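S.K.: Just so it is clear, I am handing over coords_25.txt, which has compact mmCIF, C-alpha atoms.
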# COMPACT_ATOMS: atom_id res chain seq x y z
CA GLY A 596 -34.56 -14.24 22.36
CA ASP A 597 -31.11 -13.79 23.94
CA ALA A 598 -31.93 -16.03 26.91
CA ARG A 599 -33.38 -19.02 25.11
CA VAL A 600 -30.32 -21.22 25.69
CA ARG A 601 -29.86 -20.31 29.33
CA GLY A 602 -30.23 -23.11 31.83
CA GLN A 603 -30.43 -23.20 35.62
CA THR A 604 -26.64 -23.25 35.85
CA GLY A 605 -26.08 -20.52 33.28
CA VAL A 606 -25.27 -20.64 29.58
CA VAL A 607 -25.04 -24.05 27.92
CA SER A 608 -21.79 -23.88 25.98
CA GLU A 609 -20.70 -25.74 22.88
CA ARG A 610 -17.69 -27.97 23.38
CA ARG A 611 -14.84 -27.04 21.11
CA GLY A 612 -14.71 -29.30 18.11
CA SER A 613 -18.16 -30.73 18.79
CA TYR A 614 -18.98 -30.33 15.12
CA PRO A 615 -16.89 -31.02 12.05
CA PHE A 616 -16.12 -28.48 9.40
CA ILE A 617 -18.79 -28.46 6.73
CA ASP A 618 -17.90 -31.23 4.29
CA PHE A 619 -19.67 -30.18 1.13
CA ARG A 620 -19.26 -33.65 -0.38
CA LEU A 621 -21.96 -34.80 2.01
CA LEU A 622 -24.47 -32.42 0.42
CA ASN A 623 -24.50 -34.55 -2.70
CA ASN A 624 -24.17 -37.94 -1.09
CA THR A 625 -26.05 -39.78 -3.83
CA THR A 626 -24.05 -38.43 -6.74
CA LEU A 627 -20.69 -38.91 -5.05
CA SER A 628 -21.52 -42.21 -3.36
CA GLY A 629 -18.53 -43.84 -4.99
CA GLU A 630 -16.20 -41.27 -3.41
CA ILE A 631 -17.83 -41.12 0.00
CA GLY A 632 -18.87 -44.75 0.37
CA THR A 633 -21.30 -46.17 2.86
CA LYS A 634 -23.05 -44.42 5.74
CA LYS A 635 -20.61 -46.16 8.02
CA LYS A 636 -17.70 -44.50 6.23
CA VAL A 637 -19.45 -41.13 6.42
CA LYS A 638 -19.89 -41.55 10.16
CA ARG A 639 -16.22 -42.49 10.47
CA LEU A 640 -15.23 -39.40 8.46
CA LEU A 641 -17.25 -37.09 10.68
CA SER A 642 -15.88 -38.73 13.83
CA PHE A 643 -12.32 -38.19 12.61
CA GLN A 644 -13.06 -34.55 11.77
CA ARG A 645 -14.42 -34.00 15.27
CA TYR A 646 -11.38 -35.68 16.78
CA PHE A 647 -8.93 -33.77 14.63
CA HIS A 648 -10.58 -30.41 15.40
CA ALA A 649 -10.90 -31.07 19.15
CA SER A 650 -7.74 -32.99 19.98
CA ARG A 651 -5.41 -31.02 22.22
CA LEU A 652 -2.47 -33.17 21.06
CA LEU A 653 -3.01 -32.52 17.36
CA ARG A 654 -3.87 -28.88 17.93
CA GLY A 655 -0.60 -28.55 19.80
CA ILE A 656 1.25 -29.07 16.52
CA VAL A 657 0.45 -25.45 15.65
CA PRO A 658 3.21 -23.23 17.13
CA GLN A 659 1.55 -20.98 19.69
CA ALA A 660 4.50 -18.59 20.01
CA SER A 661 5.38 -18.15 16.35
CA LEU A 662 5.40 -14.40 16.87
CA TYR A 663 8.73 -14.76 18.66
CA LEU A 664 10.29 -16.63 15.74
CA LEU A 665 10.20 -13.48 13.62
CA ASP A 666 13.39 -11.54 13.06
CA GLU A 667 13.95 -8.43 15.13
CA ASP A 668 13.21 -6.06 12.26
CA TYR A 669 9.69 -7.40 11.82
CA LEU A 670 9.08 -7.38 15.57
CA GLY A 671 10.15 -3.76 15.70
CA GLN A 672 7.75 -2.80 12.92
CA ALA A 673 4.89 -4.61 14.65
CA ARG A 674 5.65 -2.80 17.92
CA HIS A 675 5.71 0.51 16.07
CA MET A 676 2.29 -0.23 14.57
CA LEU A 677 0.87 -1.05 18.00
CA SER A 678 1.91 2.41 19.19
CA LYS A 679 -0.61 3.74 16.64
CA VAL A 680 -3.35 1.16 17.25
CA GLY A 681 -5.87 3.90 18.00
CA MET A 682 -5.49 5.47 14.54
CA TRP A 683 -8.33 4.85 12.08
CA ASP A 684 -5.95 4.20 9.15
CA PHE A 685 -4.41 1.21 10.99
CA ASP A 686 -3.53 -1.39 8.33
CA ILE A 687 -4.57 -4.74 9.79
CA PHE A 688 -3.35 -6.64 6.70
CA LEU A 689 0.19 -5.28 7.14
CA PHE A 690 0.03 -5.94 10.89
CA ASP A 691 -1.02 -9.54 10.25
CA ARG A 692 2.00 -10.04 7.98
CA LEU A 693 4.36 -8.46 10.50
CA THR A 694 3.08 -10.77 13.25
CA ASN A 695 3.32 -13.88 11.09
CA GLY A 696 -0.46 -14.38 11.05
CA ASN A 697 -0.87 -13.70 14.77
CA SER A 698 -2.57 -10.32 14.46
CA LEU A 699 -5.52 -11.22 16.70
CA VAL A 700 -3.46 -12.68 19.55
CA THR A 701 -0.88 -9.88 19.45
CA LEU A 702 -3.51 -7.16 19.28
CA LEU A 703 -5.55 -8.58 22.15
CA CYS A 704 -2.54 -9.00 24.44
CA HIS A 705 -1.59 -5.38 23.77
CA LEU A 706 -5.09 -3.97 24.27
CA PHE A 707 -5.75 -5.93 27.47
CA ASN A 708 -2.52 -4.47 28.82
CA VAL A 709 -3.21 -0.91 27.58
CA HIS A 710 -6.66 -0.88 29.18
CA GLY A 711 -5.34 -2.29 32.46
CA LEU A 712 -7.58 -5.35 32.28
CA ILE A 713 -4.89 -7.87 33.20
CA HIS A 714 -4.21 -6.12 36.50
CA HIS A 715 -7.83 -5.23 37.25
CA PHE A 716 -9.17 -8.77 36.81
CA GLN A 717 -5.98 -10.45 38.11
CA LEU A 718 -5.67 -12.47 34.91
CA ASP A 719 -2.90 -15.02 34.49
CA MET A 720 -0.90 -13.93 31.43
CA VAL A 721 -0.11 -17.48 30.28
CA THR A 722 -3.76 -18.51 30.55
CA LEU A 723 -4.85 -15.31 28.81
CA HIS A 724 -2.46 -15.90 25.93
CA ARG A 725 -3.62 -19.52 25.65
CA PHE A 726 -7.25 -18.37 25.45
CA PHE A 727 -6.44 -15.82 22.74
CA VAL A 728 -4.64 -18.52 20.75
CA MET A 729 -7.70 -20.77 21.06
CA VAL A 730 -9.91 -18.00 19.70
CA GLN A 731 -7.56 -17.24 16.81
CA GLU A 732 -7.16 -20.91 15.88
CA ASP A 733 -10.92 -21.46 15.83
CA TYR A 734 -11.32 -19.02 12.94
CA HIS A 735 -11.02 -20.66 9.53
CA SER A 736 -8.10 -19.24 7.59
CA GLN A 737 -9.54 -20.60 4.34
CA ASN A 738 -12.42 -18.13 4.56
CA PRO A 739 -11.65 -15.08 2.40
CA TYR A 740 -13.50 -12.76 4.80
CA HIS A 741 -14.72 -14.38 8.03
CA ASN A 742 -11.30 -15.20 9.41
CA ALA A 743 -9.04 -14.11 12.28
CA VAL A 744 -7.85 -11.02 10.39
CA HIS A 745 -11.47 -9.80 10.20
CA ALA A 746 -11.77 -10.43 13.94
CA ALA A 747 -8.59 -8.42 14.55
CA ASP A 748 -9.91 -5.60 12.35
CA VAL A 749 -13.20 -5.49 14.26
CA THR A 750 -11.29 -5.54 17.58
CA GLN A 751 -9.12 -2.59 16.50
CA ALA A 752 -12.23 -0.66 15.44
CA MET A 753 -13.88 -1.48 18.77
CA HIS A 754 -10.83 -0.11 20.57
CA CYS A 755 -11.23 3.15 18.63
CA TYR A 756 -14.92 3.38 19.53
CA LEU A 757 -14.28 2.66 23.22
CA ARG A 758 -12.05 5.74 23.26
CA GLU A 759 -14.77 8.07 22.01
CA PRO A 760 -15.27 10.63 24.83
CA LYS A 761 -19.05 10.29 24.94
CA LEU A 762 -18.64 6.60 25.76
CA ALA A 763 -15.20 6.41 27.38
CA ASN A 764 -16.15 8.70 30.25
CA PHE A 765 -18.63 6.14 31.56
CA LEU A 766 -17.09 2.76 30.73
CA THR A 767 -16.08 0.36 33.50
CA PRO A 768 -13.27 -2.22 33.14
CA SER A 769 -16.00 -4.87 32.74
CA ASP A 770 -17.52 -2.93 29.84
CA ILE A 771 -14.15 -2.64 28.11
CA MET A 772 -13.28 -6.31 28.57
CA LEU A 773 -16.70 -7.38 27.30
CA GLY A 774 -16.41 -5.10 24.27
CA LEU A 775 -12.97 -6.41 23.29
CA LEU A 776 -13.83 -10.08 23.91
CA ALA A 777 -17.08 -9.83 21.94
CA ALA A 778 -15.28 -8.13 19.04
CA ALA A 779 -12.53 -10.76 18.98
CA ALA A 780 -14.89 -13.76 19.14
CA HIS A 781 -17.99 -12.45 17.35
CA ASP A 782 -17.45 -14.67 14.26
CA VAL A 783 -15.44 -17.53 15.76
CA ASP A 784 -15.73 -20.85 13.86
CA HIS A 785 -17.63 -19.16 11.02
CA PRO A 786 -18.13 -21.78 8.27
CA GLY A 787 -17.90 -19.30 5.38
CA VAL A 788 -21.57 -19.64 4.42
CA ASN A 789 -24.60 -17.72 5.69
CA GLN A 790 -27.64 -18.72 7.73
CA PRO A 791 -29.99 -19.39 4.77
CA PHE A 792 -27.40 -21.84 3.41
CA LEU A 793 -27.26 -23.71 6.72
CA ILE A 794 -31.06 -23.83 6.87
CA LYS A 795 -31.66 -25.11 3.36
CA THR A 796 -28.92 -27.76 3.69
CA LYS A 797 -30.44 -28.84 7.03
CA HIS A 798 -27.18 -28.27 8.86
CA HIS A 799 -27.11 -29.39 12.50
CA LEU A 800 -26.55 -25.82 13.72
CA ALA A 801 -29.78 -24.67 12.06
CA SER A 802 -31.68 -27.40 13.89
CA LEU A 803 -29.90 -26.70 17.17
CA TYR A 804 -30.88 -23.02 17.15
CA GLN A 805 -34.24 -23.47 15.41
CA ASN A 806 -33.22 -21.30 12.43
CA VAL A 807 -32.88 -18.16 14.60
CA SER A 808 -29.54 -16.26 14.77
CA VAL A 809 -27.90 -19.58 13.96
CA LEU A 810 -24.34 -18.38 13.38
CA GLU A 811 -24.40 -15.76 16.14
CA ASN A 812 -25.59 -18.32 18.70
CA HIS A 813 -22.85 -20.67 17.57
CA HIS A 814 -20.18 -17.95 17.89
CA TRP A 815 -21.40 -17.09 21.38
CA ARG A 816 -21.71 -20.64 22.66
CA SER A 817 -18.31 -21.55 21.19
CA THR A 818 -16.77 -18.57 22.96
CA ILE A 819 -18.25 -19.70 26.27
CA GLY A 820 -16.84 -23.16 25.65
CA MET A 821 -13.35 -21.71 25.15
CA LEU A 822 -13.61 -19.49 28.22
CA ARG A 823 -14.51 -22.50 30.35
CA GLU A 824 -11.91 -24.76 28.77
CA SER A 825 -9.15 -22.22 29.30
CA ARG A 826 -10.34 -21.46 32.86
CA LEU A 827 -9.41 -17.83 32.24
CA LEU A 828 -12.12 -16.55 34.59
CA ALA A 829 -12.18 -19.51 36.99
CA HIS A 830 -10.84 -17.37 39.84
CA LEU A 831 -13.81 -14.99 39.68
CA PRO A 832 -17.05 -15.56 41.63
CA LYS A 833 -19.53 -17.80 39.82
CA GLU A 834 -22.19 -15.08 39.57
CA VAL A 835 -19.64 -12.76 37.92
CA THR A 836 -18.64 -15.30 35.27
CA GLN A 837 -22.28 -16.13 34.55
CA ASP A 838 -23.03 -12.45 34.06
CA ILE A 839 -20.03 -12.10 31.71
CA GLU A 840 -21.21 -15.09 29.68
CA GLN A 841 -24.72 -13.67 29.36
CA GLN A 842 -23.53 -10.21 28.37
CA LEU A 843 -21.13 -11.67 25.80
CA GLY A 844 -24.11 -13.47 24.31
CA SER A 845 -26.17 -10.30 24.17
CA LEU A 846 -23.34 -8.46 22.40
CA ILE A 847 -22.55 -11.18 19.86
CA LEU A 848 -26.23 -11.83 19.09
CA ALA A 849 -26.60 -8.12 18.32
CA THR A 850 -24.38 -8.58 15.24
CA ASP A 851 -27.14 -10.55 13.51
CA ILE A 852 -27.86 -8.40 10.44
CA ASN A 853 -31.49 -9.51 10.55
CA ARG A 854 -31.85 -7.46 13.74
CA GLN A 855 -30.52 -4.28 12.16
CA ASN A 856 -33.84 -2.40 12.10
CA GLU A 857 -34.60 -3.42 15.67
CA PHE A 858 -31.43 -1.73 16.93
CA LEU A 859 -31.70 1.28 14.61
CA ILE A 860 -35.26 2.04 15.74
CA ARG A 861 -34.26 1.79 19.38
CA LEU A 862 -31.16 3.96 18.87
CA LYS A 863 -33.15 6.58 16.97
CA SER A 864 -35.72 6.69 19.76
CA HIS A 865 -33.04 7.21 22.41
CA LEU A 866 -31.31 9.95 20.42
CA ASP A 867 -34.51 11.76 19.52
CA ASN A 868 -35.76 11.66 23.11
CA HIS A 869 -32.33 12.45 24.62
CA ASP A 870 -32.93 9.78 27.23
CA LEU A 871 -29.66 7.81 27.08
CA ARG A 872 -28.24 7.62 30.58
CA LEU A 873 -24.78 6.10 30.32
CA GLU A 874 -24.52 6.01 34.10
CA ASP A 875 -27.06 3.21 33.75
CA ALA A 876 -25.45 -0.17 33.03
CA GLN A 877 -28.33 -1.14 30.73
CA ASP A 878 -27.86 1.92 28.50
CA ARG A 879 -24.08 1.43 28.44
CA HIS A 880 -24.59 -2.16 27.36
CA PHE A 881 -26.92 -1.06 24.57
CA MET A 882 -24.30 1.38 23.26
CA LEU A 883 -21.69 -1.39 23.42
CA GLN A 884 -24.01 -3.42 21.20
CA ILE A 885 -24.21 -0.50 18.77
CA ALA A 886 -20.44 -0.03 18.88
CA LEU A 887 -19.89 -3.73 18.07
CA LYS A 888 -22.39 -3.54 15.22
CA CYS A 889 -20.51 -0.53 13.84
CA ALA A 890 -17.13 -2.27 14.22
CA ASP A 891 -18.46 -5.38 12.47
CA ILE A 892 -19.49 -3.49 9.31
CA CYS A 893 -17.00 -0.61 9.37
CA ASN A 894 -15.08 -1.72 6.26
CA PRO A 895 -16.80 0.82 3.96
CA CYS A 896 -15.67 3.55 6.40
CA ARG A 897 -11.98 2.67 6.10
CA VAL A 898 -9.53 4.28 3.68
CA TRP A 899 -10.14 3.16 0.10
CA ASP A 900 -7.21 0.72 -0.19
CA LEU A 901 -8.30 -1.20 2.92
CA SER A 902 -12.02 -0.90 2.22
CA LYS A 903 -11.61 -2.24 -1.31
CA GLN A 904 -9.68 -5.29 -0.09
CA TRP A 905 -12.41 -6.14 2.40
CA SER A 906 -15.10 -5.66 -0.25
CA GLU A 907 -13.36 -8.06 -2.61
CA ARG A 908 -12.88 -10.60 0.16
CA VAL A 909 -16.50 -10.63 1.33
CA CYS A 910 -17.76 -10.90 -2.26
CA GLU A 911 -15.36 -13.75 -2.93
CA GLU A 912 -16.90 -15.57 0.03
CA PHE A 913 -20.39 -14.85 -1.34
CA TYR A 914 -19.39 -16.15 -4.76
CA ARG A 915 -17.95 -19.34 -3.30
CA GLN A 916 -21.27 -20.01 -1.61
CA GLY A 917 -23.10 -19.30 -4.87
CA ASP A 918 -20.84 -21.74 -6.73
CA LEU A 919 -21.61 -24.43 -4.14
CA GLU A 920 -25.33 -23.79 -4.41
CA GLN A 921 -25.16 -24.02 -8.18
CA LYS A 922 -23.07 -27.19 -8.03
CA PHE A 923 -25.56 -28.93 -5.77
CA GLU A 924 -28.59 -27.55 -7.64
CA LEU A 925 -29.74 -25.32 -4.79
CA GLU A 926 -31.30 -21.91 -5.28
CA ILE A 927 -28.48 -19.36 -5.43
CA SER A 928 -28.71 -16.96 -2.49
CA PRO A 929 -28.98 -13.19 -3.00
CA LEU A 930 -25.61 -11.49 -3.66
CA CYS A 931 -23.96 -14.86 -4.35
CA ASN A 932 -24.36 -15.06 -8.13
CA GLN A 933 -21.06 -13.96 -9.64
CA GLN A 934 -22.65 -13.59 -13.08
CA LYS A 935 -25.27 -11.10 -11.87
CA ASP A 936 -24.12 -9.62 -8.56
CA THR A 937 -21.07 -7.43 -9.16
CA ILE A 938 -18.84 -6.13 -6.40
CA PRO A 939 -19.72 -2.45 -7.05
CA SER A 940 -23.47 -3.10 -7.01
CA ILE A 941 -23.23 -5.21 -3.84
CA GLN A 942 -21.16 -2.57 -2.06
CA ILE A 943 -23.37 0.36 -3.09
CA GLY A 944 -26.47 -1.42 -1.81
CA PHE A 945 -24.71 -2.43 1.41
CA MET A 946 -23.52 1.11 2.07
CA THR A 947 -26.87 2.69 1.25
CA TYR A 948 -29.21 0.47 3.22
CA ILE A 949 -27.06 -0.93 6.04
CA VAL A 950 -23.94 1.12 6.72
CA GLU A 951 -25.03 4.74 6.20
CA PRO A 952 -28.10 4.64 8.48
CA LEU A 953 -26.11 3.08 11.31
CA PHE A 954 -23.05 5.33 11.11
CA GLU A 955 -25.10 8.49 10.76
CA ARG A 956 -26.81 7.62 14.03
CA TRP A 957 -23.47 6.72 15.61
CA ALA A 958 -22.13 10.15 14.63
CA GLN A 959 -25.23 11.72 16.15
CA PHE A 960 -24.47 9.87 19.40
CA THR A 961 -20.74 10.73 19.52
CA GLY A 962 -21.38 14.36 18.60
CA ASP A 963 -19.53 14.56 15.28
CA THR A 964 -16.10 13.76 16.70
CA PRO A 965 -13.05 13.72 14.38
CA LEU A 966 -13.32 9.92 14.15
CA SER A 967 -17.01 9.93 13.22
CA GLU A 968 -16.52 12.67 10.64
CA ASN A 969 -13.53 10.81 9.21
CA MET A 970 -15.53 7.59 8.90
CA LEU A 971 -18.47 9.29 7.19
CA ASN A 972 -16.14 11.09 4.78
CA HIS A 973 -14.48 7.81 3.82
CA LEU A 974 -17.91 6.21 3.45
CA ARG A 975 -19.08 8.89 1.02
CA ARG A 976 -15.85 8.81 -1.00
CA ASN A 977 -15.84 5.02 -1.21
CA LYS A 978 -19.47 4.94 -2.27
CA ALA A 979 -18.71 7.47 -5.02
CA LYS A 980 -15.79 5.35 -6.21
CA TRP A 981 -17.92 2.22 -6.36
CA ARG A 982 -20.49 4.21 -8.34
CA SER A 983 -17.75 5.27 -10.73
CA LEU A 984 -16.63 1.65 -11.11
CA LEU A 985 -20.22 0.57 -11.70
CA HIS A 986 -20.60 3.23 -14.39
CA LYS A 987 -17.38 2.06 -16.07
CA GLN A 988 -18.65 -1.49 -15.81
CA HIS A 989 -21.90 -0.63 -17.56
CA SER A 990 -20.04 1.30 -20.24
CA SER A 991 -17.72 -1.65 -20.78
CA SER A 992 -20.71 -3.98 -20.92
CA ARG A 993 -22.34 -1.96 -23.68
CA SER A 994 -19.14 -1.69 -25.69
CA ASN A 995 -18.02 -5.30 -25.24
CA ASP A 996 -21.14 -7.27 -26.05
CA HIS A 997 -22.56 -7.14 -22.49
CA SER A 998 -19.55 -8.74 -20.86
CA GLY A 999 -20.55 -7.30 -17.48
CA GLN A 1000 -16.95 -7.12 -16.21
CA VAL A 1001 -14.66 -4.21 -15.35
CA THR A 1002 -11.25 -4.62 -16.94
CA GLY A 1003 -8.07 -4.35 -14.92
CA SER A 1004 -6.93 -1.24 -16.77
CA GLN A 1005 -10.25 0.46 -16.07
CA GLU A 1006 -10.02 -0.29 -12.37
CA GLN A 1007 -6.45 1.04 -12.23
CA THR A 1008 -7.69 4.42 -13.41
CA LEU A 1009 -9.61 4.75 -10.14
CA ASN A 1010 -7.12 5.90 -7.50
CA GLU A 1011 -7.00 7.97 -4.39
CA GLU A 1012 -6.49 11.21 -6.29
CA GLU A 1013 -9.50 10.75 -8.55
CA THR A 1014 -12.33 13.13 -7.73
CA PRO A 1015 -15.56 11.12 -7.23
Output the file's structure as structure tokens, nothing else.
M.R.:
Amino acid sequence: GDARVRGQTGVVSERRGSYPFIDFRLLNNTTLSGEIGTKKKVKRLLSFQRYFHASRLLRGIVPQASLYLLDEDYLGQARHMLSKVGMWDFDIFLFDRLTNGNSLVTLLCHLFNVHGLIHHFQLDMVTLHRFFVMVQEDYHSQNPYHNAVHAADVTQAMHCYLREPKLANFLTPSDIMLGLLAAAAHDVDHPGVNQPFLIKTKHHLASLYQNVSVLENHHWRSTIGMLRESRLLAHLPKEVTQDIEQQLGSLILATDINRQNEFLIRLKSHLDNHDLRLEDAQDRHFMLQIALKCADICNPCRVWDLSKQWSERVCEEFYRQGDLEQKFELEISPLCNQQKDTIPSIQIGFMTYIVEPLFERWAQFTGDTPLSENMLNHLRRNKAKWRSLLHKQHSSSRSNDHSGQVTGSQEQTLNEEETP
């Protein structure tokens, strides 16, 4: 399935700005005909959106070096945080504030330098920075969860995983660069709604990718478009760049949650049979896929304060989709009904069926390193806290005429010192 968009000359990329942002007014064109107007006006609206999103002149309005406009105190704090970028309690929200919203660009520049990738691949620093800015800008800041801060968080987690001895001892510079690039771009241009939403609204991306790994294919192809537009790798041999593009696709497509069992079964088989040979490029690539999958869903394994923020953000994005579906009389997707799907219940299910199985296997692979043990401990504590919140929620529901909501005072009683 990973090669279905490959042509004779390599991967067919998506041009940046080829598609407009989802304009939800168009979903209910009949009802809002007075606001939208004729089909001609709709076409004009979409054309303007494409132009606005793609135009280099208009995009240039966004300051690309805003990091350097910060006062020295903030720059010093950001530099201090980067010195601890390999620590699991790294606070990406604080880092994003200290870098004036440039957490992804700043983090990537630092990590490419730390890992020696700039020197190894003879990358032009100005071109590299421009490419990172393109990636960061193509995330939608209005998304509560799938935004550039999430990408930076996943990239920082990937950096931690690449340093695990079991993996680090075998990684090549190409492996490291692929892992960091895939982590940074794995959700680029995410529209804030899931694949079933795109399919049932007959979105152009669903048609383009025939309802299979729709978002992941879009993230991959958009990344290839940015790589080519920036000419970051133009100095490398053509066969090398084509291989990088294909491997990036394989990594990003692995983040499709619908393929979770496929990867878990394969990982379990390798671990049970003790037949992983990390000297083999194919096995290393598979473990990079697993590492990216772990980084993508590692929020429940973070410290409670960070994990809780991510949980609230992803559920807010779910609820926004549910509100849209209700507004346009579509069937509300699972986990998107704010009246029925509470944050604690969503998180407990997610941890139980998705996160725990993957991270237990990851710990088996790494050999119970301090990082793996730390992540599993956080996962268990956080799950217990969500269970406690769910219990308080049910108690509140029974005592307050089935309100189904946890009060602010109740939630404040749950803190780091509370024993689950």
S.K.: Please indicate the distance in Å from atom CA of Leu776 of chain A to atom CA of Asp870 of chain A, rounded to one decimal place.
M.R.: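 Here the two named atoms are 27.8 Å from each other.
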S.K.: Which of these residues is nearest to Glu811 of chain A, using all atoms listed in the file: A:Ile847, A:Ala779, A:Leu831, A:Leu887?
M.R.: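 Using all atoms listed in the file, Glu811 of chain A sits closest to A:Ile847.
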S.K.: For the atom pair atom CA of Pro939 of chain A and atom CA of Asn972 of chain A, what is the interatomic distance in Å to one decimal place?
M.R.: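 Separation of atom CA of Pro939 of chain A and atom CA of Asn972 of chain A: 18.3 Å.
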S.K.: Closest to Ala778 of chain A among A:His814, A:Arg879, A:Lys980, A:Lys863, using all atoms listed in the file?
M.R.: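 For Ala778 of chain A, the nearest of the given residues is A:His814.
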S.K.: List the residues sitting within 10 Å of (-17.5, -2.6, 12.3) in the file's frame, using only C-alpha atoms, as number ranges by chain.
M.R.: A: 745-746, 748-753, 756, 778, 850, 885-897, 950, 954
S.K.: To one decimal in Å, tell me the separation between atom CA of Gln942 of chain A and atom CA of Glu924 of chain A.
M.R.: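 We find that atom CA of Gln942 of chain A and atom CA of Glu924 of chain A lie 26.7 Å from each other.
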S.K.: Given the point (-0.5, -2.9, 5.3) in the file's coordinates, find the residues that have an atom at most 12 Å from it, counting only C-alpha atoms, and give them as a compact mmCIF listing (two decimals) with C-alpha atoms, in the coordinates of the input.
M.R.:
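Final file, result32.txt:
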# COMPACT_ATOMS: atom_id res chain seq x y z
CA GLN A 672 7.75 -2.80 12.92
CA ALA A 673 4.89 -4.61 14.65
CA MET A 676 2.29 -0.23 14.57
CA ASP A 684 -5.95 4.20 9.15
CA PHE A 685 -4.41 1.21 10.99
CA ASP A 686 -3.53 -1.39 8.33
CA ILE A 687 -4.57 -4.74 9.79
CA PHE A 688 -3.35 -6.64 6.70
CA LEU A 689 0.19 -5.28 7.14
CA PHE A 690 0.03 -5.94 10.89
CA ASP A 691 -1.02 -9.54 10.25
CA ARG A 692 2.00 -10.04 7.98
CA LEU A 693 4.36 -8.46 10.50
CA THR A 694 3.08 -10.77 13.25
CA SER A 698 -2.57 -10.32 14.46
CA VAL A 898 -9.53 4.28 3.68
CA ASP A 900 -7.21 0.72 -0.19
CA LEU A 901 -8.30 -1.20 2.92
CA GLN A 904 -9.68 -5.29 -0.09
S.K.: For Gln884 of chain A, which of A:Asp770, A:Val809, A:Ser864, A:Ala801 is the closest residue, counting all atoms listed in the file?
M.R.: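 Closest to Gln884 of chain A, using all atoms listed in the file: A:Asp770.
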